[in-house]
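Student: Got a file for you: upload_16.cif, mmCIF, C-alpha atoms and all ligand atoms.
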data_my_file
#
loop_
_atom_site.label_atom_id
_atom_site.label_comp_id
_atom_site.auth_asym_id
_atom_site.auth_seq_id
_atom_site.Cartn_x
_atom_site.Cartn_y
_atom_site.Cartn_z
CA MET I 1 -15.64 -7.79 -33.62
CA THR I 2 -14.82 -4.40 -35.08
CA SER I 3 -16.50 -1.51 -33.39
CA GLU I 4 -19.09 0.50 -35.24
CA VAL I 5 -18.52 4.15 -36.11
CA ASN I 6 -19.32 6.45 -33.17
CA GLN I 7 -19.28 3.62 -30.65
CA LYS I 8 -17.29 4.62 -27.57
CA ARG I 9 -14.46 2.14 -26.99
CA VAL I 10 -14.19 1.39 -23.29
CA ALA I 11 -11.27 0.06 -21.22
CA ILE I 12 -12.35 -1.24 -17.82
CA PHE I 13 -9.48 -1.37 -15.36
CA GLY I 14 -10.71 -3.54 -12.50
CA SER I 15 -13.48 -5.23 -14.49
CA THR I 16 -14.02 -8.06 -11.98
CA GLY I 17 -14.87 -5.78 -9.05
CA SER I 18 -18.10 -4.25 -7.85
CA ILE I 19 -17.80 -1.16 -10.11
CA GLY I 20 -16.29 -3.16 -12.99
CA THR I 21 -19.10 -5.71 -13.13
CA GLN I 22 -21.75 -2.99 -12.85
CA ALA I 23 -20.05 -1.10 -15.68
CA LEU I 24 -20.34 -4.25 -17.79
CA ASP I 25 -24.06 -4.46 -16.85
CA VAL I 26 -24.49 -0.92 -18.22
CA ILE I 27 -22.59 -1.78 -21.40
CA ARG I 28 -24.53 -5.04 -21.85
CA GLY I 29 -27.69 -2.93 -22.03
CA ASN I 30 -26.16 -0.44 -24.49
CA LYS I 31 -24.11 -2.44 -26.96
CA ASP I 32 -24.99 -0.05 -29.78
CA ILE I 33 -23.27 2.80 -27.90
CA PHE I 34 -20.29 1.07 -26.24
CA HIS I 35 -17.70 -1.49 -27.24
CA VAL I 36 -15.42 -3.13 -24.66
CA GLU I 37 -11.80 -2.81 -25.73
CA VAL I 38 -9.83 -3.76 -22.59
CA LEU I 39 -10.58 -5.70 -19.39
CA THR I 40 -8.20 -6.07 -16.44
CA ALA I 41 -8.26 -8.04 -13.18
CA HIS I 42 -5.97 -8.72 -10.26
CA THR I 43 -6.40 -12.47 -9.61
CA ASN I 44 -9.90 -13.58 -10.64
CA ASP I 45 -9.04 -15.39 -13.89
CA GLU I 46 -12.35 -17.22 -14.14
CA LEU I 47 -14.50 -14.12 -14.11
CA LEU I 48 -12.07 -12.27 -16.39
CA THR I 49 -12.21 -15.15 -18.89
CA ALA I 50 -16.00 -15.27 -18.81
CA GLN I 51 -16.17 -11.49 -19.33
CA ALA I 52 -13.69 -11.72 -22.22
CA LEU I 53 -15.71 -14.48 -23.92
CA GLU I 54 -18.89 -12.42 -23.59
CA PHE I 55 -17.56 -8.97 -24.58
CA ASN I 56 -14.74 -9.95 -26.97
CA PRO I 57 -12.24 -7.19 -26.11
CA ASN I 58 -9.01 -6.53 -27.96
CA ALA I 59 -6.94 -7.25 -24.82
CA VAL I 60 -7.14 -8.51 -21.26
CA VAL I 61 -4.65 -8.10 -18.42
CA ILE I 62 -4.28 -10.39 -15.41
CA VAL I 63 -1.96 -8.91 -12.79
CA ASP I 64 -1.32 -12.27 -11.13
CA GLU I 65 1.21 -13.80 -13.54
CA THR I 66 0.59 -17.35 -12.27
CA LYS I 67 -2.83 -17.19 -13.98
CA TYR I 68 -1.48 -16.25 -17.42
CA GLU I 69 -1.28 -19.73 -18.96
CA LYS I 70 -4.77 -20.64 -17.77
CA ILE I 71 -6.34 -17.56 -19.35
CA LYS I 72 -4.26 -17.88 -22.50
CA SER I 73 -5.50 -21.42 -23.09
CA ALA I 74 -9.12 -20.57 -22.17
CA LEU I 75 -9.04 -17.78 -24.80
CA SER I 76 -6.99 -19.71 -27.36
CA GLY I 77 -9.89 -19.96 -29.79
CA THR I 78 -10.21 -16.15 -29.93
CA ASP I 79 -7.95 -13.33 -31.09
CA ILE I 80 -8.03 -11.63 -27.69
CA LYS I 81 -4.53 -10.60 -26.59
CA VAL I 82 -3.58 -11.69 -23.07
CA PHE I 83 -1.10 -9.75 -20.93
CA ALA I 84 0.10 -10.43 -17.39
CA GLY I 85 1.82 -8.54 -14.58
CA GLU I 86 1.57 -5.13 -12.99
CA ARG I 87 3.58 -3.39 -15.72
CA ALA I 88 1.13 -4.64 -18.35
CA LEU I 89 -1.55 -2.39 -16.84
CA GLU I 90 0.43 0.67 -17.86
CA GLU I 91 1.32 -0.76 -21.26
CA VAL I 92 -2.32 -1.43 -22.06
CA ALA I 93 -3.40 1.96 -20.64
CA ASP I 94 -1.05 3.42 -23.27
CA PHE I 95 -2.99 1.82 -26.19
CA ASP I 96 -4.47 4.10 -28.85
CA THR I 97 -7.42 1.78 -29.38
CA TYR I 98 -9.77 2.96 -26.63
CA ASP I 99 -11.53 6.26 -25.89
CA ILE I 100 -12.56 6.04 -22.26
CA MET I 101 -11.03 4.36 -19.22
CA ILE I 102 -13.22 3.25 -16.36
CA ALA I 103 -10.72 3.51 -13.52
CA ALA I 104 -12.20 0.87 -11.19
CA ILE I 105 -9.11 -0.66 -9.60
CA VAL I 106 -9.18 -0.32 -5.81
CA GLY I 107 -6.47 1.58 -3.95
CA PHE I 108 -3.05 3.01 -4.81
CA ALA I 109 -2.61 0.28 -7.47
CA GLY I 110 -4.92 2.31 -9.72
CA LEU I 111 -2.68 5.38 -9.80
CA LYS I 112 -0.09 4.38 -12.43
CA PRO I 113 -2.44 3.07 -15.15
CA THR I 114 -4.80 6.02 -14.61
CA LEU I 115 -1.94 8.50 -14.91
CA LYS I 116 -0.89 6.82 -18.15
CA ALA I 117 -4.40 7.20 -19.55
CA VAL I 118 -4.44 10.86 -18.44
CA GLU I 119 -1.15 11.44 -20.26
CA LYS I 120 -2.72 9.96 -23.39
CA GLY I 121 -5.61 12.45 -23.11
CA LYS I 122 -8.23 9.73 -22.62
CA ILE I 123 -11.60 10.37 -21.02
CA ILE I 124 -11.38 9.05 -17.45
CA ALA I 125 -14.51 7.75 -15.72
CA LEU I 126 -12.98 7.82 -12.26
CA ALA I 127 -14.14 5.44 -9.55
CA ASN I 128 -10.67 4.95 -8.05
CA LYS I 129 -10.77 7.88 -5.60
CA GLU I 130 -7.39 6.89 -4.11
CA THR I 131 -5.73 8.19 -7.31
CA LEU I 132 -6.80 11.73 -6.40
CA VAL I 133 -6.27 11.27 -2.67
CA VAL I 134 -2.65 10.26 -3.22
CA ALA I 135 -1.55 12.60 -5.99
CA GLY I 136 -4.50 14.86 -6.83
CA ASP I 137 -2.35 17.90 -7.67
CA ILE I 138 -0.26 16.00 -10.23
CA VAL I 139 -3.18 14.07 -11.73
CA MET I 140 -5.33 17.22 -12.19
CA GLN I 141 -2.39 19.19 -13.63
CA LYS I 142 -1.64 16.44 -16.14
CA ALA I 143 -5.34 16.16 -17.01
CA LEU I 144 -5.38 19.88 -17.79
CA GLU I 145 -2.20 19.72 -19.88
CA ASN I 146 -3.39 16.69 -21.87
CA ARG I 147 -7.05 17.75 -22.07
CA ALA I 148 -8.15 14.53 -20.41
CA PRO I 149 -11.66 15.00 -18.98
CA ILE I 150 -12.05 13.41 -15.54
CA ILE I 151 -15.66 12.45 -14.93
CA PRO I 152 -16.40 11.19 -11.43
CA VAL I 153 -18.12 7.87 -10.87
CA ASP I 154 -18.20 8.13 -7.06
CA SER I 155 -21.89 8.85 -6.44
CA GLU I 156 -21.35 12.01 -4.36
CA HIS I 157 -18.98 13.52 -6.88
CA SER I 158 -21.18 12.49 -9.78
CA ALA I 159 -24.00 14.32 -8.02
CA ILE I 160 -21.91 17.48 -7.67
CA PHE I 161 -20.69 17.19 -11.26
CA GLN I 162 -24.31 16.89 -12.44
CA CYS I 163 -25.34 19.92 -10.32
CA LEU I 164 -22.57 21.94 -11.96
CA VAL I 165 -23.67 21.34 -15.56
CA GLY I 166 -24.62 24.74 -16.98
CA GLU I 167 -23.03 26.60 -14.05
CA SER I 168 -19.50 27.18 -15.37
CA ARG I 169 -19.70 30.95 -14.77
CA ASN I 170 -21.10 30.60 -11.26
CA PRO I 171 -18.64 30.12 -8.42
CA ILE I 172 -19.37 27.42 -5.85
CA GLU I 173 -19.87 28.74 -2.31
CA ARG I 174 -19.73 25.29 -0.74
CA ILE I 175 -20.52 21.68 -1.42
CA ILE I 176 -22.34 19.36 0.94
CA LEU I 177 -21.23 15.74 0.72
CA THR I 178 -23.82 13.36 2.10
CA ALA I 179 -22.73 10.33 4.12
CA SER I 180 -24.93 7.37 4.94
CA GLY I 181 -23.12 6.97 8.26
CA GLY I 182 -22.48 3.31 7.44
CA PRO I 183 -23.53 0.27 9.47
CA PHE I 184 -22.36 1.72 12.80
CA LEU I 185 -24.21 5.03 12.74
CA GLY I 186 -25.00 6.04 16.33
CA LYS I 187 -22.60 3.48 17.83
CA LYS I 188 -19.93 4.43 20.39
CA PRO I 189 -16.35 3.17 20.96
CA ASN I 190 -17.44 0.64 23.62
CA PHE I 191 -19.46 -1.11 20.86
CA LEU I 192 -16.96 -0.57 18.04
CA VAL I 193 -14.10 -2.12 19.96
CA ASN I 194 -15.68 -5.56 19.46
CA VAL I 195 -16.71 -5.18 15.82
CA LYS I 196 -15.52 -7.95 13.51
CA ARG I 197 -14.99 -8.16 9.76
CA ASP I 198 -18.35 -9.69 8.84
CA HIS I 199 -20.29 -7.07 10.74
CA ALA I 200 -18.36 -4.22 9.13
CA LEU I 201 -19.02 -5.70 5.68
CA GLN I 202 -22.81 -5.26 6.05
CA HIS I 203 -23.53 -1.84 4.55
CA PRO I 204 -27.14 -0.64 4.93
CA ASN I 205 -27.56 1.02 1.50
CA TRP I 206 -24.76 0.06 -0.91
CA SER I 207 -23.21 -3.23 -2.02
CA MET I 208 -19.52 -2.58 -2.75
CA GLY I 209 -16.03 -4.09 -2.63
CA ALA I 210 -14.61 -5.04 0.79
CA LYS I 211 -12.14 -2.16 1.15
CA ILE I 212 -14.59 0.66 0.48
CA THR I 213 -17.22 -1.08 2.64
CA VAL I 214 -14.86 -1.00 5.63
CA ASP I 215 -13.93 2.60 4.75
CA SER I 216 -17.63 3.46 4.85
CA ALA I 217 -17.99 1.85 8.29
CA THR I 218 -15.01 3.83 9.69
CA LEU I 219 -16.05 7.03 7.82
CA MET I 220 -12.61 7.08 6.19
CA ASN I 221 -14.49 6.83 2.91
CA LYS I 222 -16.08 10.24 3.53
CA GLY I 223 -12.68 11.66 4.46
CA LEU I 224 -11.19 10.32 1.21
CA GLU I 225 -14.16 11.80 -0.64
CA MET I 226 -13.55 15.26 0.87
CA ILE I 227 -10.01 15.13 -0.53
CA GLU I 228 -11.28 13.76 -3.85
CA ALA I 229 -13.77 16.68 -4.04
CA LYS I 230 -11.07 19.24 -3.35
CA TRP I 231 -9.14 18.16 -6.42
CA LEU I 232 -12.06 17.48 -8.75
CA PHE I 233 -13.80 20.80 -8.13
CA ASN I 234 -10.84 22.98 -7.08
CA LEU I 235 -12.18 23.77 -3.61
CA THR I 236 -10.67 24.99 -0.35
CA PRO I 237 -11.16 22.76 2.73
CA GLU I 238 -13.60 25.34 4.15
CA GLN I 239 -15.89 24.89 1.15
CA ILE I 240 -16.39 21.16 1.80
CA GLU I 241 -19.01 20.06 4.33
CA VAL I 242 -20.21 16.63 5.32
CA VAL I 243 -23.71 15.85 6.52
CA VAL I 244 -24.97 12.43 7.57
CA HIS I 245 -28.07 11.46 5.58
CA PRO I 246 -28.88 7.83 6.42
CA GLN I 247 -31.33 7.22 3.54
CA SER I 248 -28.69 7.94 0.81
CA VAL I 249 -31.31 9.53 -1.44
CA ILE I 250 -29.65 12.93 -1.85
CA HIS I 251 -26.30 11.96 -3.32
CA SER I 252 -24.73 15.38 -2.63
CA MET I 253 -25.38 19.10 -3.07
CA VAL I 254 -23.85 22.33 -4.32
CA GLN I 255 -24.60 25.75 -2.85
CA PHE I 256 -23.98 28.77 -5.09
CA GLU I 257 -23.22 32.37 -4.10
CA ASP I 258 -26.91 33.35 -4.05
CA GLY I 259 -27.51 30.71 -1.37
CA SER I 260 -29.41 28.44 -3.75
CA ILE I 261 -28.71 24.73 -3.30
CA LYS I 262 -28.89 22.12 -6.06
CA ALA I 263 -29.08 18.44 -5.19
CA GLN I 264 -29.02 15.27 -7.25
CA MET I 265 -31.20 12.44 -5.99
CA GLY I 266 -32.29 8.91 -6.64
CA TYR I 267 -32.10 5.41 -5.25
CA PRO I 268 -28.62 4.36 -4.21
CA ASP I 269 -27.48 2.40 -7.28
CA MET I 270 -23.97 2.83 -8.71
CA LYS I 271 -25.15 1.91 -12.20
CA LEU I 272 -26.55 5.41 -12.58
CA PRO I 273 -23.32 7.37 -11.93
CA ILE I 274 -21.40 4.77 -13.98
CA GLN I 275 -23.79 5.20 -16.89
CA TYR I 276 -23.73 8.99 -16.54
CA ALA I 277 -19.92 9.05 -16.71
CA LEU I 278 -19.89 6.71 -19.72
CA GLY I 279 -22.55 8.63 -21.61
CA PHE I 280 -21.59 12.20 -20.65
CA PRO I 281 -22.71 14.70 -21.89
CA ASN I 282 -25.73 12.62 -22.89
CA ARG I 283 -28.12 10.92 -20.52
CA ILE I 284 -28.97 7.42 -21.67
CA LYS I 285 -32.53 6.17 -21.36
CA ASN I 286 -32.86 3.16 -19.07
CA ASP I 287 -35.45 1.21 -17.12
CA PHE I 288 -33.86 1.43 -13.65
CA PRO I 289 -36.50 1.77 -10.89
CA ARG I 290 -37.85 5.33 -10.58
CA PHE I 291 -37.69 7.06 -7.21
CA ASN I 292 -40.94 7.36 -5.25
CA PHE I 293 -41.03 10.25 -2.74
CA ARG I 294 -44.11 8.83 -0.98
CA LYS I 295 -42.07 5.83 0.14
CA TYR I 296 -39.52 8.15 1.77
CA PRO I 297 -41.59 10.62 3.81
CA ASN I 298 -38.64 11.32 6.11
CA LEU I 299 -35.30 12.34 4.68
CA SER I 300 -33.09 13.16 7.66
CA PHE I 301 -29.80 14.95 8.21
CA GLU I 302 -27.39 15.09 11.14
CA GLU I 303 -23.86 16.11 12.12
CA PRO I 304 -21.20 13.38 11.82
CA ASP I 305 -19.92 11.99 15.15
CA TYR I 306 -16.32 13.22 14.81
CA LYS I 307 -15.45 12.06 18.33
CA THR I 308 -16.27 8.41 17.65
CA PHE I 309 -15.28 8.25 13.98
CA ARG I 310 -11.88 9.91 14.28
CA ASN I 311 -10.83 8.96 10.75
CA LEU I 312 -12.85 11.89 9.49
CA GLY I 313 -10.72 14.26 11.59
CA LEU I 314 -7.51 12.63 10.33
CA ALA I 315 -8.65 13.08 6.73
CA ILE I 316 -9.53 16.73 7.41
CA ASP I 317 -6.03 17.18 8.84
CA ALA I 318 -4.60 15.77 5.58
CA LEU I 319 -6.95 17.96 3.55
CA GLN I 320 -5.87 21.11 5.38
CA ASN I 321 -2.14 20.39 5.48
CA GLY I 322 -1.79 19.13 1.90
CA GLY I 323 1.63 17.90 0.71
CA ASN I 324 2.14 14.16 1.18
CA LYS I 325 -0.26 13.89 4.17
CA ALA I 326 -3.18 12.41 2.25
CA CYS I 327 -0.85 9.96 0.49
CA VAL I 328 0.41 8.75 3.89
CA LEU I 329 -3.13 8.60 5.29
CA ASN I 330 -4.24 6.50 2.34
CA ALA I 331 -1.31 4.07 2.48
CA ALA I 332 -1.67 3.49 6.24
CA ASN I 333 -5.40 3.02 5.81
CA GLU I 334 -4.94 0.44 3.04
CA ILE I 335 -2.62 -1.60 5.26
CA ALA I 336 -4.85 -1.24 8.32
CA VAL I 337 -8.05 -2.18 6.45
CA TRP I 338 -6.29 -5.17 4.92
CA ALA I 339 -5.16 -6.29 8.41
CA PHE I 340 -8.68 -5.77 9.77
CA LEU I 341 -10.15 -7.87 6.94
CA LYS I 342 -7.68 -10.62 7.87
CA ASN I 343 -8.82 -10.38 11.53
CA ARG I 344 -5.32 -9.23 12.52
CA ILE I 345 -6.41 -5.97 14.18
CA GLY I 346 -9.61 -4.59 15.69
CA PHE I 347 -11.93 -2.00 14.18
CA LEU I 348 -10.69 0.90 16.33
CA ASP I 349 -7.06 -0.05 15.63
CA ILE I 350 -7.56 1.08 12.03
CA THR I 351 -7.68 4.70 13.19
CA ALA I 352 -4.76 4.22 15.60
CA VAL I 353 -2.56 2.81 12.82
CA VAL I 354 -3.41 5.70 10.47
CA GLU I 355 -2.83 8.31 13.17
CA LYS I 356 0.55 6.91 14.27
CA THR I 357 1.71 6.58 10.67
CA MET I 358 0.73 10.18 9.89
CA GLU I 359 2.76 11.33 12.90
CA ALA I 360 5.80 9.26 11.90
CA ILE I 361 6.29 9.90 8.19
CA PRO I 362 8.17 13.15 7.41
CA PHE I 363 6.03 15.89 5.89
CA ILE I 364 6.82 17.03 2.33
CA LYS I 365 5.11 20.27 1.36
CA HIS I 366 5.51 20.03 -2.43
CA PRO I 367 5.99 16.35 -3.35
CA THR I 368 6.99 15.13 -6.79
CA LEU I 369 5.43 11.97 -8.17
CA GLU I 370 8.51 10.05 -6.97
CA ASP I 371 8.03 11.57 -3.49
CA TYR I 372 4.46 10.25 -3.48
CA PHE I 373 5.64 6.75 -4.37
CA GLU I 374 8.28 6.94 -1.64
CA SER I 375 5.87 8.27 0.97
CA ASP I 376 3.42 5.53 0.06
CA GLY I 377 6.08 2.84 0.52
CA GLU I 378 7.40 4.32 3.78
CA ALA I 379 3.90 4.64 5.20
CA ARG I 380 3.03 1.06 4.25
CA ASN I 381 6.20 -0.24 5.91
CA PHE I 382 5.63 1.81 9.04
CA ALA I 383 1.96 0.79 9.32
CA ALA I 384 2.88 -2.87 8.78
CA SER I 385 5.60 -2.62 11.45
CA ILE I 386 3.23 -1.36 14.14
CA ILE I 387 0.69 -4.04 13.26
CA LYS I 388 3.60 -6.53 13.31
CA LEU I 389 2.65 -7.99 9.93
P1 LIG G 401 -13.51 -4.30 -5.70
O1 LIG G 401 -12.60 -4.79 -4.65
O2 LIG G 401 -14.86 -4.88 -5.81
O3 LIG G 401 -12.80 -4.44 -7.13
C1 LIG G 401 -11.50 -4.01 -7.34
C2 LIG G 401 -11.02 -4.33 -8.75
O4 LIG G 401 -9.64 -3.94 -8.82
C3 LIG G 401 -11.08 -5.82 -9.11
O5 LIG G 401 -11.35 -5.95 -10.48
C4 LIG G 401 -9.65 -6.31 -8.81
O6 LIG G 401 -9.27 -7.38 -9.65
C5 LIG G 401 -8.82 -5.08 -9.14
N1 LIG G 401 -7.62 -4.99 -8.30
C6 LIG G 401 -7.54 -5.11 -6.94
N2 LIG G 401 -6.27 -4.97 -6.53
C7 LIG G 401 -5.53 -4.75 -7.64
C8 LIG G 401 -4.13 -4.55 -7.86
N3 LIG G 401 -3.24 -4.54 -6.85
N4 LIG G 401 -3.72 -4.35 -9.13
C9 LIG G 401 -4.60 -4.35 -10.15
N5 LIG G 401 -5.92 -4.57 -10.01
C10 LIG G 401 -6.38 -4.76 -8.76
O7 LIG G 401 -13.60 -2.70 -5.51
P2 LIG G 401 -14.82 -1.74 -5.90
O8 LIG G 401 -15.76 -1.66 -4.77
O9 LIG G 401 -15.29 -2.04 -7.27
O10 LIG G 401 -14.05 -0.33 -5.89
C11 LIG G 401 -13.20 0.08 -6.94
C12 LIG G 401 -12.88 1.55 -6.76
O11 LIG G 401 -14.07 2.30 -6.93
C13 LIG G 401 -12.34 1.90 -5.37
O12 LIG G 401 -11.38 2.90 -5.49
C14 LIG G 401 -13.56 2.44 -4.65
O13 LIG G 401 -13.24 3.39 -3.65
C15 LIG G 401 -14.32 3.11 -5.79
N6 LIG G 401 -15.77 3.20 -5.57
C16 LIG G 401 -16.50 2.06 -5.46
C17 LIG G 401 -17.87 2.14 -5.24
C18 LIG G 401 -18.71 0.89 -5.16
O14 LIG G 401 -19.94 0.99 -5.08
N7 LIG G 401 -18.15 -0.29 -5.19
C19 LIG G 401 -18.48 3.39 -5.11
C20 LIG G 401 -17.70 4.54 -5.23
C21 LIG G 401 -16.34 4.43 -5.46
MG MG G 402 -19.07 7.63 -2.57
#
Take the structure from the file and write it as structure tokens.
Tutor:
Amino acid sequence: MTSEVNQKRVAIFGSTGSIGTQALDVIRGNKDIFHVEVLTAHTNDELLTAQALEFNPNAVVIVDETKYEKIKSALSGTDIKVFAGERALEEVADFDTYDIMIAAIVGFAGLKPTLKAVEKGKIIALANKETLVVAGDIVMQKALENRAPIIPVDSEHSAIFQCLVGESRNPIERIILTASGGPFLGKKPNFLVNVKRDHALQHPNWSMGAKITVDSATLMNKGLEMIEAKWLFNLTPEQIEVVVHPQSVIHSMVQFEDGSIKAQMGYPDMKLPIQYALGFPNRIKNDFPRFNFRKYPNLSFEEPDYKTFRNLGLAIDALQNGGNKACVLNAANEIAVWAFLKNRIGFLDITAVVEKTMEAIPFIKHPTLEDYFESDGEARNFAASIIKL
């Protein structure tokens, strides 16, 4: 199918995940505005094939090369191009045929294709926060040079972005990132020591992929989001505050120099920030449920428990020290969360692995992109060695 004039051509990197499938829900409801050009997945060939048959993209990528033949034959009656392997992600990100990338791959694996799209000057709807955590200075600098707008999909950052519309002349005094507190809000280490995978995967307000759900339970997610906010909005660490708000109705806030605070609110539903990023600068009419204040008479706020959820402190350390610290923090966390999901380590061990890895990997004040890749690899190896993977 050829796309109509003025349709935005969308490439969804990580189309089979939580964000990817919700992005396709948004597009399904707005086929006059959006056309799917590219879909990519790691291993889930069946869902990728079904998505390809429904949305008829120009190309699909499956990272797991053993699935190539299966997809190729399932799509043989179409003219959809099929690519396989990690390198193919970058090759397809380099295509001229799309306008906007939804960066919805999880983890460090999203960095290379997103950087490629940035270098091409594409619009980036960024869900993959790890891209900015690892190499935020380089990604933002390249985005500036190539005039690639980066529009956050992460709900907190989308909220801040929305609060900043019309405020380009007004400096930010501080931002307030809200945190739900996750499933273990109020719990102490004597409880957390026994927490298992399935318990950590029950998030009270959001349904998300496994990695970010564990990150939300350990509060690492909020730490990653502080670093993400620093790069997106050019803030100092002192300008970034976190407040626990268990209802997840206020998605985040900006305070300006006159003390006035703007907030963006609504039910917790990622389709809204996804749709906002896709449609920006326009808001697209939809029939999502409308928020009812009477059903939420008590919106509450509290200080995070830094003593119990020490990941937040480790992320603040990375935020303040800069250099390759956040890259190392992220790599160790990816390994530790993976090991926790495989029942190889306990919940509290996640923090111990990250902390030890941050102590062990040499600090680089001004890393190059190659330094980031090296630090990532070293940190993964070190973290894996202490877990004895
Ligand atoms: P998910 O695990 O549900 O999906 C991840 C997607 O990435 C899948 O399509 C998978 O095939 C692909 N993928 C995984 N590993 C890959 C690899 N090594 N190479 C290439 N592709 C790979 O994750 P998710 O919850 O959709 O999260 C995606 C990103 O969005 C994460 O960075 C997360 O922090 C961020 N995010 C998610 C939510 C949410 O509600 N799910 C909210 C805010 C931010
Ligand atoms: Mg978030």
Student: Can you pull out every residue within 12 Å of Leu75 of chain I, counting only C-alpha atoms, but drop anything in the same chain fewer than 2 positions away, and send it as a list of chain:residue names?
Tutor: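 Contacts, in chain order: I:Asp45, I:Glu46, I:Leu48, I:Thr49, I:Ala50, I:Gln51, I:Ala52, I:Leu53, I:Glu54, I:Asn56, I:Pro57, I:Asn58, I:Ala59, I:Val60, I:Tyr68, I:Glu69, I:Lys70, I:Ile71, I:Lys72, I:Ser73, I:Gly77, I:Thr78, I:Asp79, I:Ile80, I:Lys81, I:Val82, I:Phe83.
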Student: Work out where the centre of an axis-aligned box around every listed atom of ligand LIG 401 (chain G) lies and how long its edges are once 3 Å is added on each side; give both in Å to one decimal as AutoDock Vina command-line options.
Tutor:
--center_x -11.6 --center_y -1.4 --center_z -7.1 --size_x 22.7 --size_y 17.9 --size_z 12.8
Student: Pick out the residues no farther than 7 Å from ligand LIG 401 (chain G), counting all atoms listed in the file, and list them as a PDB file with C-alpha atoms, keeping the file's coordinate frame.
Tutor:
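Result saved to part-v8.pdb:
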ATOM      1  CA  PHE I  13      -9.480  -1.370 -15.360  1.00  0.00           C
ATOM      2  CA  GLY I  14     -10.710  -3.540 -12.500  1.00  0.00           C
ATOM      3  CA  SER I  15     -13.480  -5.230 -14.490  1.00  0.00           C
ATOM      4  CA  THR I  16     -14.020  -8.060 -11.980  1.00  0.00           C
ATOM      5  CA  GLY I  17     -14.870  -5.780  -9.050  1.00  0.00           C
ATOM      6  CA  SER I  18     -18.100  -4.250  -7.850  1.00  0.00           C
ATOM      7  CA  ILE I  19     -17.800  -1.160 -10.110  1.00  0.00           C
ATOM      8  CA  GLY I  20     -16.290  -3.160 -12.990  1.00  0.00           C
ATOM      9  CA  THR I  40      -8.200  -6.070 -16.440  1.00  0.00           C
ATOM     10  CA  ALA I  41      -8.260  -8.040 -13.180  1.00  0.00           C
ATOM     11  CA  HIS I  42      -5.970  -8.720 -10.260  1.00  0.00           C
ATOM     12  CA  THR I  43      -6.400 -12.470  -9.610  1.00  0.00           C
ATOM     13  CA  ASN I  44      -9.900 -13.580 -10.640  1.00  0.00           C
ATOM     14  CA  VAL I  63      -1.960  -8.910 -12.790  1.00  0.00           C
ATOM     15  CA  GLU I  86       1.570  -5.130 -12.990  1.00  0.00           C
ATOM     16  CA  ALA I 104     -12.200   0.870 -11.190  1.00  0.00           C
ATOM     17  CA  ILE I 105      -9.110  -0.660  -9.600  1.00  0.00           C
ATOM     18  CA  VAL I 106      -9.180  -0.320  -5.810  1.00  0.00           C
ATOM     19  CA  GLY I 107      -6.470   1.580  -3.950  1.00  0.00           C
ATOM     20  CA  ALA I 109      -2.610   0.280  -7.470  1.00  0.00           C
ATOM     21  CA  GLY I 110      -4.920   2.310  -9.720  1.00  0.00           C
ATOM     22  CA  ALA I 127     -14.140   5.440  -9.550  1.00  0.00           C
ATOM     23  CA  ASN I 128     -10.670   4.950  -8.050  1.00  0.00           C
ATOM     24  CA  LYS I 129     -10.770   7.880  -5.600  1.00  0.00           C
ATOM     25  CA  GLU I 130      -7.390   6.890  -4.110  1.00  0.00           C
ATOM     26  CA  VAL I 153     -18.120   7.870 -10.870  1.00  0.00           C
ATOM     27  CA  ASP I 154     -18.200   8.130  -7.060  1.00  0.00           C
ATOM     28  CA  SER I 155     -21.890   8.850  -6.440  1.00  0.00           C
ATOM     29  CA  TRP I 206     -24.760   0.060  -0.910  1.00  0.00           C
ATOM     30  CA  SER I 207     -23.210  -3.230  -2.020  1.00  0.00           C
ATOM     31  CA  MET I 208     -19.520  -2.580  -2.750  1.00  0.00           C
ATOM     32  CA  GLY I 209     -16.030  -4.090  -2.630  1.00  0.00           C
ATOM     33  CA  ALA I 210     -14.610  -5.040   0.790  1.00  0.00           C
ATOM     34  CA  LYS I 211     -12.140  -2.160   1.150  1.00  0.00           C
ATOM     35  CA  ILE I 212     -14.590   0.660   0.480  1.00  0.00           C
ATOM     36  CA  MET I 270     -23.970   2.830  -8.710  1.00  0.00           C
TER      37      MET I 270
END
Student: Within 8 Å of ligand MG 402 (chain G), which residues of chain I show up? Give each one with its shortest atom-to-atom distance in Å (one decimal) and the two atoms involved, counting all atoms listed in the file, rows by chain then rising residue number, as a tab-separated table.
Tutor:
residue	atom	partner	partner_atom	distance
I:Asp154	CA	G:MG402	MG	4.6
I:Ser155	CA	G:MG402	MG	4.9
I:Glu156	CA	G:MG402	MG	5.3
I:His157	CA	G:MG402	MG	7.3
I:Asn221	CA	G:MG402	MG	7.2
I:Lys222	CA	G:MG402	MG	7.3
I:Glu225	CA	G:MG402	MG	6.7
Student: Give one line per residue of segment 196-314 of chain I that approaches segment 162-170 of chain I to at most 7 Å, naming the two atoms of the closest pair and their distance in Å to one decimal, counting only C-alpha atoms; sort by chain then ascending residue number and deliver it as a tab-separated table.
Tutor:
residue	atom	partner	partner_atom	distance
I:Val254	CA	I:Cys163	CA	6.6
I:Lys262	CA	I:Cys163	CA	6.0
I:Ala263	CA	I:Cys163	CA	6.5
I:Gln264	CA	I:Cys163	CA	6.7
Student: Mind checking which residues fall within 8 Å of Glu355 of chain I, counting all atoms listed in the file, ignoring those fewer than 3 positions away in the same chain, and posting them as a PDB file with C-alpha atoms, in the coordinates of the input?
Tutor:
ATOM      1  CA  LEU I 314      -7.510  12.630  10.330  1.00  0.00           C
ATOM      2  CA  LEU I 329      -3.130   8.600   5.290  1.00  0.00           C
ATOM      3  CA  THR I 351      -7.680   4.700  13.190  1.00  0.00           C
ATOM      4  CA  ALA I 352      -4.760   4.220  15.600  1.00  0.00           C
ATOM      5  CA  MET I 358       0.730  10.180   9.890  1.00  0.00           C
ATOM      6  CA  GLU I 359       2.760  11.330  12.900  1.00  0.00           C
TER       7      GLU I 359
END
